[in-house]
$ cat upload_36.csv   # CSV, C-alpha atoms
chain,number,residue,atom,x,y,z
U,1,MET,CA,143.5,-38.3,74.8
U,2,ALA,CA,145.8,-37.3,77.7
U,3,ASP,CA,143.4,-38.3,80.4
U,4,LEU,CA,144.4,-40.6,83.3
U,5,ASP,CA,141.6,-42.6,84.9
U,6,PRO,CA,142.5,-43.2,88.6
U,7,THR,CA,141.5,-46.9,88.4
U,8,VAL,CA,143.6,-47.5,85.3
U,9,VAL,CA,146.6,-45.8,86.9
U,10,ALA,CA,146.1,-48.0,90.0
U,11,VAL,CA,146.0,-51.1,87.9
U,12,VAL,CA,149.1,-50.0,85.9
U,13,LEU,CA,151.0,-49.3,89.1
U,14,ALA,CA,150.0,-52.7,90.5
U,15,MET,CA,151.3,-54.3,87.3
U,16,SER,CA,154.6,-52.4,87.6
U,17,VAL,CA,155.0,-53.5,91.3
U,18,ALA,CA,154.3,-57.1,90.3
U,19,THR,CA,156.8,-56.9,87.5
U,20,TYR,CA,159.5,-55.1,89.5
U,21,ALA,CA,159.0,-57.8,92.3
U,22,THR,CA,160.0,-60.5,89.8
U,23,LYS,CA,162.9,-58.5,88.4
U,24,ALA,CA,164.4,-57.6,91.8
U,25,GLY,CA,163.2,-60.8,93.5
U,26,GLY,CA,165.5,-63.0,91.4
U,27,LEU,CA,168.5,-61.0,92.5
U,28,TRP,CA,167.4,-60.8,96.1
U,29,LEU,CA,165.6,-64.1,97.0
U,30,LEU,CA,167.4,-66.6,94.7
U,31,GLY,CA,170.8,-65.8,96.3
U,32,ARG,CA,169.3,-67.1,99.5
U,33,VAL,CA,167.2,-70.1,98.3
U,34,GLU,CA,168.5,-73.0,96.3
U,35,LEU,CA,166.2,-73.6,93.3
U,36,SER,CA,165.8,-77.1,92.0
U,37,GLY,CA,166.3,-77.7,88.2
U,38,ARG,CA,162.7,-78.8,88.1
U,39,THR,CA,161.4,-75.5,89.5
U,40,GLU,CA,163.7,-73.6,87.1
U,41,ALA,CA,162.3,-75.6,84.1
U,42,ALA,CA,158.7,-74.9,85.3
U,43,LEU,CA,159.4,-71.1,85.6
U,44,ASP,CA,161.1,-71.2,82.2
U,45,ALA,CA,158.1,-72.9,80.5
U,46,LEU,CA,155.6,-70.4,81.9
U,47,PRO,CA,155.7,-67.5,79.3
U,48,GLY,CA,155.4,-69.9,76.4
U,49,ALA,CA,152.5,-71.8,78.0
U,50,VAL,CA,150.7,-68.5,78.7
U,51,VAL,CA,151.1,-67.3,75.2
U,52,ILE,CA,149.8,-70.6,73.8
U,53,SER,CA,146.9,-70.5,76.1
U,54,LEU,CA,145.9,-67.0,74.9
U,55,LEU,CA,146.6,-67.9,71.3
U,56,VAL,CA,144.8,-71.2,70.6
U,57,PRO,CA,141.2,-70.3,71.8
U,58,THR,CA,141.2,-67.0,70.0
U,59,LEU,CA,142.7,-68.4,66.8
U,60,SER,CA,139.6,-70.4,66.0
U,61,GLU,CA,137.5,-67.2,66.0
U,62,PHE,CA,139.2,-66.1,62.8
U,63,GLY,CA,138.2,-69.2,60.8
U,64,VAL,CA,140.0,-70.3,57.7
U,65,PRO,CA,141.5,-66.8,56.8
U,66,GLY,CA,142.9,-66.8,60.4
U,67,LEU,CA,144.5,-70.2,60.1
U,68,VAL,CA,146.1,-69.5,56.7
U,69,SER,CA,147.4,-66.1,57.9
U,70,ALA,CA,148.7,-67.7,61.1
U,71,THR,CA,150.7,-70.2,59.0
U,72,ALA,CA,152.1,-67.3,56.9
U,73,VAL,CA,153.0,-65.4,60.1
U,74,LEU,CA,154.9,-68.4,61.5
U,75,ILE,CA,156.8,-69.0,58.3
U,76,VAL,CA,157.9,-65.4,57.9
U,77,ALA,CA,158.8,-65.1,61.6
U,78,ARG,CA,161.0,-68.2,61.5
U,79,ARG,CA,162.6,-67.3,58.2
U,80,THR,CA,163.3,-63.6,58.7
U,81,ASP,CA,163.3,-62.9,62.4
U,82,SER,CA,161.6,-59.6,61.6
U,83,VAL,CA,158.6,-58.8,63.8
U,84,LEU,CA,157.1,-56.2,61.5
U,85,LEU,CA,157.6,-58.2,58.3
U,86,ALA,CA,155.8,-61.2,59.9
U,87,LEU,CA,152.9,-59.0,61.2
U,88,GLY,CA,152.6,-57.2,57.9
U,89,THR,CA,152.4,-60.5,56.0
U,90,GLY,CA,149.7,-61.7,58.5
U,91,MET,CA,147.7,-58.5,58.0
U,92,VAL,CA,147.9,-58.6,54.2
U,93,THR,CA,147.0,-62.3,54.1
U,94,VAL,CA,144.0,-61.9,56.4
U,95,ILE,CA,142.7,-58.9,54.5
U,96,SER,CA,143.0,-60.5,51.1
U,97,LEU,CA,141.4,-63.8,52.2
U,98,ARG,CA,138.5,-61.9,53.7
U,99,ARG,CA,137.9,-60.2,50.4
U,100,LEU,CA,138.1,-63.5,48.4
U,101,LEU,CA,136.2,-65.8,50.7
G,1,MET,CA,175.4,-60.4,103.2
G,2,SER,CA,177.9,-63.2,102.8
G,3,GLN,CA,177.5,-65.4,99.7
G,4,LYS,CA,179.6,-68.4,99.1
G,5,ARG,CA,178.2,-70.5,96.3
G,6,ASP,CA,178.1,-68.0,93.5
G,7,ASP,CA,181.7,-66.8,93.5
G,8,HIS,CA,182.4,-68.7,90.3
G,9,ALA,CA,179.9,-67.8,87.7
G,10,PRO,CA,179.3,-70.3,85.0
G,11,GLY,CA,181.3,-69.4,81.9
G,12,ALA,CA,183.2,-66.6,83.6
G,13,PRO,CA,187.0,-66.7,83.6
G,14,GLY,CA,187.9,-67.1,87.2
G,15,ALA,CA,186.5,-65.4,90.2
G,16,ILE,CA,184.9,-61.9,89.9
G,17,GLU,CA,187.0,-59.5,91.9
G,18,SER,CA,185.2,-56.3,91.4
G,19,MET,CA,182.8,-54.5,89.1
G,20,SER,CA,182.8,-50.9,87.7
G,21,PHE,CA,179.8,-48.7,87.6
G,22,SER,CA,180.6,-45.9,85.3
G,23,LEU,CA,179.2,-43.6,82.6
G,24,ALA,CA,181.4,-45.3,80.1
G,25,GLY,CA,179.8,-48.7,80.9
G,26,LEU,CA,176.4,-47.1,80.7
G,27,ARG,CA,177.1,-45.6,77.3
G,28,ALA,CA,178.6,-48.9,76.0
G,29,GLY,CA,175.4,-50.7,77.0
G,30,PHE,CA,173.2,-48.0,75.4
G,31,VAL,CA,175.1,-48.0,72.1
G,32,ARG,CA,175.3,-51.8,71.8
G,33,CYS,CA,171.6,-52.2,72.5
G,34,THR,CA,170.3,-49.4,70.2
G,35,PRO,CA,169.9,-51.6,67.1
G,36,ILE,CA,168.1,-54.2,69.2
G,37,ALA,CA,166.0,-51.5,70.8
G,38,LEU,CA,164.9,-50.4,67.3
G,39,GLY,CA,163.5,-53.9,66.8
G,40,VAL,CA,161.8,-53.7,70.2
G,41,ALA,CA,160.2,-50.4,69.0
G,42,GLY,CA,158.2,-52.5,66.5
G,43,TYR,CA,156.5,-54.3,69.3
G,44,GLY,CA,156.1,-51.0,71.2
G,45,PHE,CA,154.2,-49.5,68.3
G,46,VAL,CA,151.9,-52.5,68.0
G,47,PHE,CA,151.4,-52.5,71.8
G,48,GLY,CA,150.3,-48.8,71.5
G,49,VAL,CA,147.8,-49.6,68.7
G,50,LEU,CA,146.4,-52.5,70.7
G,51,ALA,CA,146.2,-50.5,73.9
G,52,ASP,CA,144.2,-47.9,72.1
G,53,ARG,CA,141.8,-50.5,70.8
G,54,ALA,CA,141.5,-51.9,74.4
G,55,GLY,CA,140.3,-48.5,75.5
G,56,LEU,CA,143.4,-47.0,77.1
G,57,SER,CA,144.2,-43.4,76.6
G,58,ALA,CA,147.5,-42.3,75.2
G,59,ALA,CA,148.7,-41.2,78.6
G,60,GLU,CA,147.6,-44.5,80.2
G,61,ALA,CA,149.3,-46.7,77.6
G,62,THR,CA,152.5,-44.6,77.7
G,63,LEU,CA,152.5,-44.7,81.5
G,64,MET,CA,152.2,-48.5,81.4
G,65,SER,CA,155.1,-48.8,79.1
G,66,ALA,CA,157.2,-46.5,81.2
G,67,THR,CA,156.5,-48.1,84.5
G,68,VAL,CA,155.9,-51.8,83.7
G,69,LEU,CA,158.4,-52.3,80.9
G,70,ALA,CA,157.6,-55.9,80.1
G,71,GLY,CA,156.5,-56.6,76.5
G,72,ALA,CA,154.8,-60.0,76.7
G,73,ALA,CA,153.0,-59.1,80.0
G,74,GLN,CA,151.7,-55.8,78.6
G,75,LEU,CA,150.5,-57.4,75.4
G,76,VAL,CA,148.6,-60.1,77.5
G,77,ALA,CA,147.2,-57.3,79.7
G,78,VAL,CA,145.7,-55.3,76.8
G,79,GLU,CA,144.3,-58.5,75.4
G,80,ILE,CA,142.3,-59.3,78.6
G,81,TRP,CA,141.6,-55.6,79.3
G,82,ALA,CA,137.8,-54.9,79.5
G,83,GLU,CA,135.3,-52.6,81.1
G,84,PRO,CA,135.2,-53.0,84.1
G,85,ILE,CA,138.9,-53.9,84.3
G,86,PRO,CA,139.4,-57.5,85.4
G,87,ILE,CA,142.0,-56.4,88.0
G,88,LEU,CA,142.8,-59.7,89.5
G,89,ALA,CA,143.3,-61.4,86.1
G,90,VAL,CA,145.3,-58.5,84.7
G,91,VAL,CA,147.7,-58.3,87.7
G,92,GLY,CA,147.8,-62.1,88.1
G,93,THR,CA,148.7,-62.8,84.5
G,94,THR,CA,151.3,-60.0,84.6
G,95,LEU,CA,152.9,-61.7,87.6
G,96,VAL,CA,152.8,-65.2,86.0
G,97,VAL,CA,154.1,-64.1,82.6
G,98,ASN,CA,157.0,-62.3,84.4
G,99,LEU,CA,158.0,-65.1,86.7
G,100,ARG,CA,160.9,-65.9,84.3
G,101,TYR,CA,162.5,-62.6,85.5
G,102,LEU,CA,163.2,-64.4,88.8
G,103,LEU,CA,165.6,-66.7,87.0
G,104,MET,CA,167.1,-63.8,84.9
G,105,GLY,CA,167.7,-61.7,88.0
G,106,ALA,CA,169.3,-64.7,89.8
G,107,ALA,CA,171.6,-65.2,86.8
G,108,LEU,CA,173.0,-61.7,87.3
G,109,ARG,CA,173.8,-62.2,90.9
G,110,PRO,CA,177.4,-63.4,90.7
G,111,TRP,CA,178.3,-60.0,89.2
G,112,PHE,CA,175.7,-57.7,90.7
G,113,ARG,CA,176.6,-58.6,94.3
G,114,HIS,CA,179.7,-56.5,93.7
G,115,LEU,CA,177.6,-53.4,93.1
G,116,SER,CA,176.0,-51.3,95.7
G,117,PRO,CA,172.3,-52.3,96.5
G,118,ALA,CA,171.1,-49.0,94.9
G,119,GLN,CA,173.1,-49.6,91.7
G,120,ALA,CA,171.9,-53.2,91.5
G,121,TYR,CA,168.2,-52.7,92.3
G,122,ALA,CA,167.9,-49.6,90.1
G,123,SER,CA,169.5,-51.5,87.2
G,124,VAL,CA,167.2,-54.5,87.4
G,125,PHE,CA,164.1,-52.3,86.8
G,126,PHE,CA,165.5,-51.9,83.2
G,127,THR,CA,165.7,-55.7,82.6
G,128,ALA,CA,164.0,-56.8,79.4
G,129,ASP,CA,164.6,-60.1,77.6
G,130,GLU,CA,166.8,-58.5,74.9
G,131,ASN,CA,169.2,-56.4,77.0
G,132,TRP,CA,169.4,-59.1,79.7
G,133,ALA,CA,170.7,-61.6,77.1
G,134,LEU,CA,173.1,-58.9,75.8
G,135,THR,CA,174.4,-58.2,79.3
G,136,ILE,CA,174.8,-61.8,80.3
G,137,GLY,CA,176.8,-62.4,77.1
G,138,GLU,CA,179.0,-59.4,77.9
G,139,LEU,CA,179.6,-60.4,81.6
G,140,ARG,CA,180.3,-64.1,80.8
G,141,SER,CA,183.0,-63.1,78.3
G,142,GLY,CA,184.8,-61.2,81.0
G,143,GLY,CA,183.2,-57.7,80.9
G,144,ARG,CA,183.2,-56.0,84.3
G,145,ARG,CA,181.0,-53.0,83.4
G,146,GLY,CA,178.3,-53.0,86.0
G,147,ALA,CA,176.3,-50.2,84.3
G,148,PHE,CA,176.0,-52.2,81.1
G,149,LEU,CA,172.5,-53.6,82.0
G,150,LEU,CA,171.3,-50.1,83.0
G,151,GLY,CA,172.6,-48.5,79.8
G,152,SER,CA,171.2,-51.2,77.5
G,153,GLY,CA,168.0,-51.2,79.4
G,154,LEU,CA,167.7,-47.4,79.0
G,155,ALA,CA,168.0,-47.9,75.2
G,156,ILE,CA,165.1,-50.4,75.3
G,157,TRP,CA,163.1,-48.1,77.6
G,158,VAL,CA,163.4,-45.0,75.5
G,159,PHE,CA,162.4,-46.8,72.3
G,160,TRP,CA,159.7,-48.8,73.9
G,161,VAL,CA,158.0,-45.8,75.5
G,162,LEU,CA,158.3,-43.6,72.4
G,163,ALA,CA,157.0,-46.3,70.1
G,164,THR,CA,154.0,-46.9,72.5
G,165,ALA,CA,153.2,-43.2,72.4
G,166,ILE,CA,153.3,-43.2,68.6
G,167,GLY,CA,151.3,-46.4,68.3
G,168,VAL,CA,148.6,-45.3,70.6
G,169,THR,CA,148.2,-42.0,68.8
G,170,VAL,CA,148.2,-43.5,65.3
G,171,GLY,CA,145.9,-46.4,66.4
G,172,GLY,CA,143.3,-43.9,67.5
G,173,SER,CA,143.0,-42.6,64.0
G,174,VAL,CA,142.0,-45.9,62.4
G,175,GLU,CA,138.3,-46.2,62.2
G,176,GLN,CA,137.4,-49.7,60.9
G,177,PRO,CA,140.0,-52.1,62.5
G,178,ALA,CA,138.6,-55.2,60.8
G,179,ARG,CA,139.0,-53.7,57.3
G,180,PHE,CA,142.7,-53.3,57.9
G,181,GLY,CA,143.1,-56.6,59.6
G,182,LEU,CA,143.9,-54.9,62.9
G,183,ASP,CA,141.7,-57.3,64.8
G,184,PHE,CA,144.2,-60.0,63.8
G,185,VAL,CA,147.3,-58.0,65.0
G,186,LEU,CA,147.4,-59.3,68.5
G,187,THR,CA,146.9,-62.9,67.4
G,188,ALA,CA,149.8,-62.4,65.0
G,189,VAL,CA,151.9,-60.8,67.7
G,190,PHE,CA,151.4,-63.9,70.0
G,191,LEU,CA,152.3,-66.1,67.1
G,192,VAL,CA,155.6,-64.3,66.7
G,193,LEU,CA,156.2,-64.4,70.4
G,194,ALA,CA,155.6,-68.1,70.3
G,195,THR,CA,158.2,-68.6,67.7
G,196,GLU,CA,160.7,-66.7,69.9
G,197,LEU,CA,159.8,-68.8,73.0
G,198,TRP,CA,160.0,-72.1,71.1
G,199,GLU,CA,163.0,-74.1,72.4
G,200,GLY,CA,162.8,-77.1,70.2
G,201,ARG,CA,160.8,-80.3,70.4
G,202,SER,CA,161.1,-80.4,74.2
G,203,THR,CA,158.6,-77.5,74.3
G,204,LEU,CA,155.9,-79.4,72.5
G,205,PRO,CA,154.4,-81.5,75.4
G,206,ALA,CA,153.9,-78.4,77.7
G,207,TRP,CA,152.4,-76.3,74.8
G,208,THR,CA,150.0,-79.1,73.9
G,209,VAL,CA,148.8,-79.4,77.4
G,210,ALA,CA,148.5,-75.6,77.7
G,211,ALA,CA,146.5,-75.5,74.5
G,212,VAL,CA,144.1,-78.3,75.5
G,213,VAL,CA,143.5,-77.0,79.0
G,214,ALA,CA,143.0,-73.5,77.7
G,215,ILE,CA,140.4,-74.6,75.1
G,216,LEU,CA,138.5,-76.6,77.8
G,217,THR,CA,138.6,-74.0,80.5
G,218,ALA,CA,137.6,-71.2,78.0
G,219,ARG,CA,134.4,-73.1,77.6
G,220,LEU,CA,133.8,-73.8,81.2
G,221,LEU,CA,135.0,-70.7,83.0
G,222,PRO,CA,134.0,-67.0,82.4
G,223,GLY,CA,136.5,-64.3,81.5
G,224,TYR,CA,140.2,-65.0,81.0
G,225,TRP,CA,140.9,-67.6,83.6
G,226,TYR,CA,141.7,-70.0,80.8
G,227,VAL,CA,145.0,-68.0,80.3
G,228,LEU,CA,146.1,-68.7,83.8
G,229,CYS,CA,144.8,-72.3,83.8
G,230,GLY,CA,146.4,-73.2,80.5
G,231,GLY,CA,149.7,-71.4,81.4
G,232,LEU,CA,150.1,-73.0,84.8
G,233,SER,CA,149.2,-76.6,83.6
G,234,GLY,CA,151.8,-76.3,80.8
G,235,SER,CA,154.4,-75.2,83.3
G,236,LEU,CA,153.5,-78.0,85.7
G,237,LEU,CA,153.7,-80.6,83.0
G,238,ARG,CA,157.2,-79.3,82.2
G,239,ALA,CA,158.1,-79.8,85.8
G,240,ALA,CA,156.6,-83.3,85.9
G,241,TRP,CA,158.6,-84.3,82.9
G,242,TYR,CA,161.8,-82.9,84.1
G,243,ASP,CA,164.5,-85.5,84.1
G,244,GLY,CA,167.6,-83.5,85.2
$ encode --input "upload_36.csv" --output "structure tokens"
Amino acid sequence: MADLDPTVVAVVLAMSVATYATKAGGLWLLGRVELSGRTEAALDALPGAVVISLLVPTLSEFGVPGLVSATAVLIVARRTDSVLLALGTGMVTVISLRRLL
Amino acid sequence: MSQKRDDHAPGAPGAIESMSFSLAGLRAGFVRCTPIALGVAGYGFVFGVLADRAGLSAAEATLMSATVLAGAAQLVAVEIWAEPIPILAVVGTTLVVNLRYLLMGAALRPWFRHLSPAQAYASVFFTADENWALTIGELRSGGRRGAFLLGSGLAIWVFWVLATAIGVTVGGSVEQPARFGLDFVLTAVFLVLATELWEGRSTLPAWTVAAVVAILTARLLPGYWYVLCGGLSGSLLRAAWYDG
């Protein structure tokens, strides 16, 4: 369990360098370069667009139980703001529907 | 390093004369952020379970949480993780998902330029969405404790890393993921993330374009390029529709 593959460690470190570059880059670079509102809006929209791009093609793989459970997750997440409650509802719904259908 | 235009921070009462960087400020940040960090631990646990399913060892998953410390990017990374590792896609999407940190770092500048470079650049490593928002709120209401970001970030870091270690260990003991709905967890996590990233109706055009481009490129291109293609086109559409 406690093994470290050299390639995995290298990829993880590359990820950490990329992440730190964005965290420190804003502090360093953006004090020197004026950013247009348009560019800010584009950067701001990126995480949401990436999450949607990941989500939509995979969602169809789960069929009807997936779509119903997805709706349940969305409703609970909006209403309660609780990550674990939303995930738990999704799991229970998907398991029950798979047994029924 | 002479700066002129960011002397007056938006929302801050008057000019920022100086900032402290003390243990008291660090502790205040840690304490204020601990309840929020407990919520973050929920994500950390799920990340651990998913990292195990993606084939990462407990040590590798924990190392990732300790050194990368970026929830959405890490979840995306374990989703596209495969054997052999698609290195370019993993590191590329990490960068793209995290580009928002550029803006968040820039927003800290009016206050952080009063700290030493070592204090400022060590602190920003511990930036996460949750403690950044908390810190900006604190600073805009007149707080001058420069170590607040570091303290609140340490709270996030401790819970995030611990929860990952627990999740990856527990996840390894589950044998039939589909029976417990575990194959659906990541999809559910992204759904919850999406509700948090939703900013009202103005978000819809960009997300629609992202979804359509992602579905099309998923059919045309191999691997996970659809994630980058969809994400970038959604972002570009937002820029094209920008009206000041």
$ closest_residue --input "upload_36.csv" --among "G:Leu191, G:Leu23, G:Val46, G:Ile136" --to "Leu67 of chain U" --atoms "only C-alpha atoms"
G:Leu191
$ interface_residues --input "upload_36.csv" --of "chain G" --to "chain U" --cutoff "6 Å" --atoms "only C-alpha atoms" --output "PyMOL selection string"
chain G and resi 57-60+64+67-68+91+95+97+99-103+105-106+109+124+181+188+197+207+210-211+214-215+227+230-231+234-235+238-239+242
$ residues_near_point --input "upload_36.csv" --point "(181.8, -48.5, 88.1)" --cutoff "8 Å" --atoms "all atoms listed in the file" --output "list in words"
Met19, Ser20, Phe21, Ser22, Leu23, Gly25, Arg145, Gly146 and Ala147 of chain G
$ atom_distance --input "upload_36.csv" --atom1 "atom CA of Trp198 of chain G" --atom2 "atom CA of Ala218 of chain G"
23.5 Å
$ atom_distance --input "upload_36.csv" --atom1 "atom CA of Trp225 of chain G" --atom2 "atom CA of Ala194 of chain G"
19.8 Å
$ residues_around --input "upload_36.csv" --residues "Pro222 of chain G" --least-positions-apart "5" --cutoff "12 Å" --atoms "all atoms listed in the file" --output "short mmCIF file (atom, residue, chain, number, x, y, z; two decimals) with C-alpha atoms, in the frame of the given file"
data_model
loop_
_atom_site.label_atom_id
_atom_site.label_comp_id
_atom_site.auth_asym_id
_atom_site.auth_seq_id
_atom_site.Cartn_x
_atom_site.Cartn_y
_atom_site.Cartn_z
CA ILE G 80 142.30 -59.30 78.60
CA PRO G 86 139.40 -57.50 85.40
CA ALA G 89 143.30 -61.40 86.10
CA LEU G 216 138.50 -76.60 77.80
CA THR G 217 138.60 -74.00 80.50
CA VAL G 227 145.00 -68.00 80.30
#
$ atom_distance --input "upload_36.csv" --atom1 "atom CA of Leu56 of chain G" --atom2 "atom CA of Ser123 of chain G"
28.3 Å
$ decode --input "upload_36.csv" --residues "segment 90-111 of chain G" --atoms "N, CA and C atoms" --output "PDB file, in the first residue's frame"
ATOM      1  N   VAL G  90      -3.216  14.836 -17.902  1.00  0.00           N
ATOM      2  CA  VAL G  90      -3.356  15.030 -16.453  1.00  0.00           C
ATOM      3  C   VAL G  90      -2.796  16.393 -16.030  1.00  0.00           C
ATOM      4  N   VAL G  91      -1.563  16.676 -16.454  1.00  0.00           N
ATOM      5  CA  VAL G  91      -0.934  17.940 -16.042  1.00  0.00           C
ATOM      6  C   VAL G  91      -1.621  19.124 -16.737  1.00  0.00           C
ATOM      7  N   GLY G  92      -2.009  18.939 -18.006  1.00  0.00           N
ATOM      8  CA  GLY G  92      -2.686  20.001 -18.760  1.00  0.00           C
ATOM      9  C   GLY G  92      -4.014  20.391 -18.141  1.00  0.00           C
ATOM     10  N   THR G  93      -4.844  19.384 -17.797  1.00  0.00           N
ATOM     11  CA  THR G  93      -6.144  19.727 -17.208  1.00  0.00           C
ATOM     12  C   THR G  93      -5.964  20.306 -15.802  1.00  0.00           C
ATOM     13  N   THR G  94      -4.946  19.837 -15.081  1.00  0.00           N
ATOM     14  CA  THR G  94      -4.667  20.421 -13.762  1.00  0.00           C
ATOM     15  C   THR G  94      -4.426  21.921 -13.905  1.00  0.00           C
ATOM     16  N   LEU G  95      -3.597  22.265 -14.885  1.00  0.00           N
ATOM     17  CA  LEU G  95      -3.287  23.676 -15.121  1.00  0.00           C
ATOM     18  C   LEU G  95      -4.546  24.456 -15.487  1.00  0.00           C
ATOM     19  N   VAL G  96      -5.336  23.898 -16.404  1.00  0.00           N
ATOM     20  CA  VAL G  96      -6.516  24.608 -16.892  1.00  0.00           C
ATOM     21  C   VAL G  96      -7.557  24.784 -15.779  1.00  0.00           C
ATOM     22  N   VAL G  97      -7.798  23.703 -15.019  1.00  0.00           N
ATOM     23  CA  VAL G  97      -8.790  23.806 -13.941  1.00  0.00           C
ATOM     24  C   VAL G  97      -8.342  24.830 -12.895  1.00  0.00           C
ATOM     25  N   ASN G  98      -7.029  24.969 -12.732  1.00  0.00           N
ATOM     26  CA  ASN G  98      -6.517  25.853 -11.687  1.00  0.00           C
ATOM     27  C   ASN G  98      -6.260  27.287 -12.132  1.00  0.00           C
ATOM     28  N   LEU G  99      -6.508  27.586 -13.409  1.00  0.00           N
ATOM     29  CA  LEU G  99      -6.205  28.935 -13.884  1.00  0.00           C
ATOM     30  C   LEU G  99      -6.956  30.020 -13.104  1.00  0.00           C
ATOM     31  N   ARG G 100      -8.085  29.633 -12.481  1.00  0.00           N
ATOM     32  CA  ARG G 100      -8.828  30.617 -11.696  1.00  0.00           C
ATOM     33  C   ARG G 100      -8.009  31.143 -10.522  1.00  0.00           C
ATOM     34  N   TYR G 101      -7.016  30.348 -10.072  1.00  0.00           N
ATOM     35  CA  TYR G 101      -6.171  30.798  -8.954  1.00  0.00           C
ATOM     36  C   TYR G 101      -5.373  32.049  -9.308  1.00  0.00           C
ATOM     37  N   LEU G 102      -5.131  32.260 -10.625  1.00  0.00           N
ATOM     38  CA  LEU G 102      -4.457  33.489 -11.041  1.00  0.00           C
ATOM     39  C   LEU G 102      -5.245  34.700 -10.552  1.00  0.00           C
ATOM     40  N   LEU G 103      -6.553  34.640 -10.761  1.00  0.00           N
ATOM     41  CA  LEU G 103      -7.407  35.754 -10.351  1.00  0.00           C
ATOM     42  C   LEU G 103      -7.457  35.882  -8.844  1.00  0.00           C
ATOM     43  N   MET G 104      -7.512  34.717  -8.177  1.00  0.00           N
ATOM     44  CA  MET G 104      -7.619  34.743  -6.723  1.00  0.00           C
ATOM     45  C   MET G 104      -6.345  35.295  -6.100  1.00  0.00           C
ATOM     46  N   GLY G 105      -5.201  34.918  -6.679  1.00  0.00           N
ATOM     47  CA  GLY G 105      -3.917  35.441  -6.194  1.00  0.00           C
ATOM     48  C   GLY G 105      -3.816  36.945  -6.425  1.00  0.00           C
ATOM     49  N   ALA G 106      -4.277  37.361  -7.599  1.00  0.00           N
ATOM     50  CA  ALA G 106      -4.222  38.786  -7.929  1.00  0.00           C
ATOM     51  C   ALA G 106      -5.067  39.602  -6.963  1.00  0.00           C
ATOM     52  N   ALA G 107      -6.201  39.027  -6.532  1.00  0.00           N
ATOM     53  CA  ALA G 107      -7.087  39.742  -5.621  1.00  0.00           C
ATOM     54  C   ALA G 107      -6.443  39.963  -4.251  1.00  0.00           C
ATOM     55  N   LEU G 108      -5.464  39.128  -3.905  1.00  0.00           N
ATOM     56  CA  LEU G 108      -4.798  39.257  -2.604  1.00  0.00           C
ATOM     57  C   LEU G 108      -3.715  40.337  -2.617  1.00  0.00           C
ATOM     58  N   ARG G 109      -3.332  40.758  -3.818  1.00  0.00           N
ATOM     59  CA  ARG G 109      -2.166  41.597  -3.983  1.00  0.00           C
ATOM     60  C   ARG G 109      -2.163  42.898  -3.175  1.00  0.00           C
ATOM     61  N   PRO G 110      -3.282  43.632  -3.124  1.00  0.00           N
ATOM     62  CA  PRO G 110      -3.257  44.894  -2.383  1.00  0.00           C
ATOM     63  C   PRO G 110      -2.785  44.724  -0.937  1.00  0.00           C
ATOM     64  N   TRP G 111      -3.052  43.595  -0.340  1.00  0.00           N
ATOM     65  CA  TRP G 111      -2.643  43.358   1.046  1.00  0.00           C
ATOM     66  C   TRP G 111      -1.301  42.644   1.109  1.00  0.00           C
TER      67      TRP G 111
END
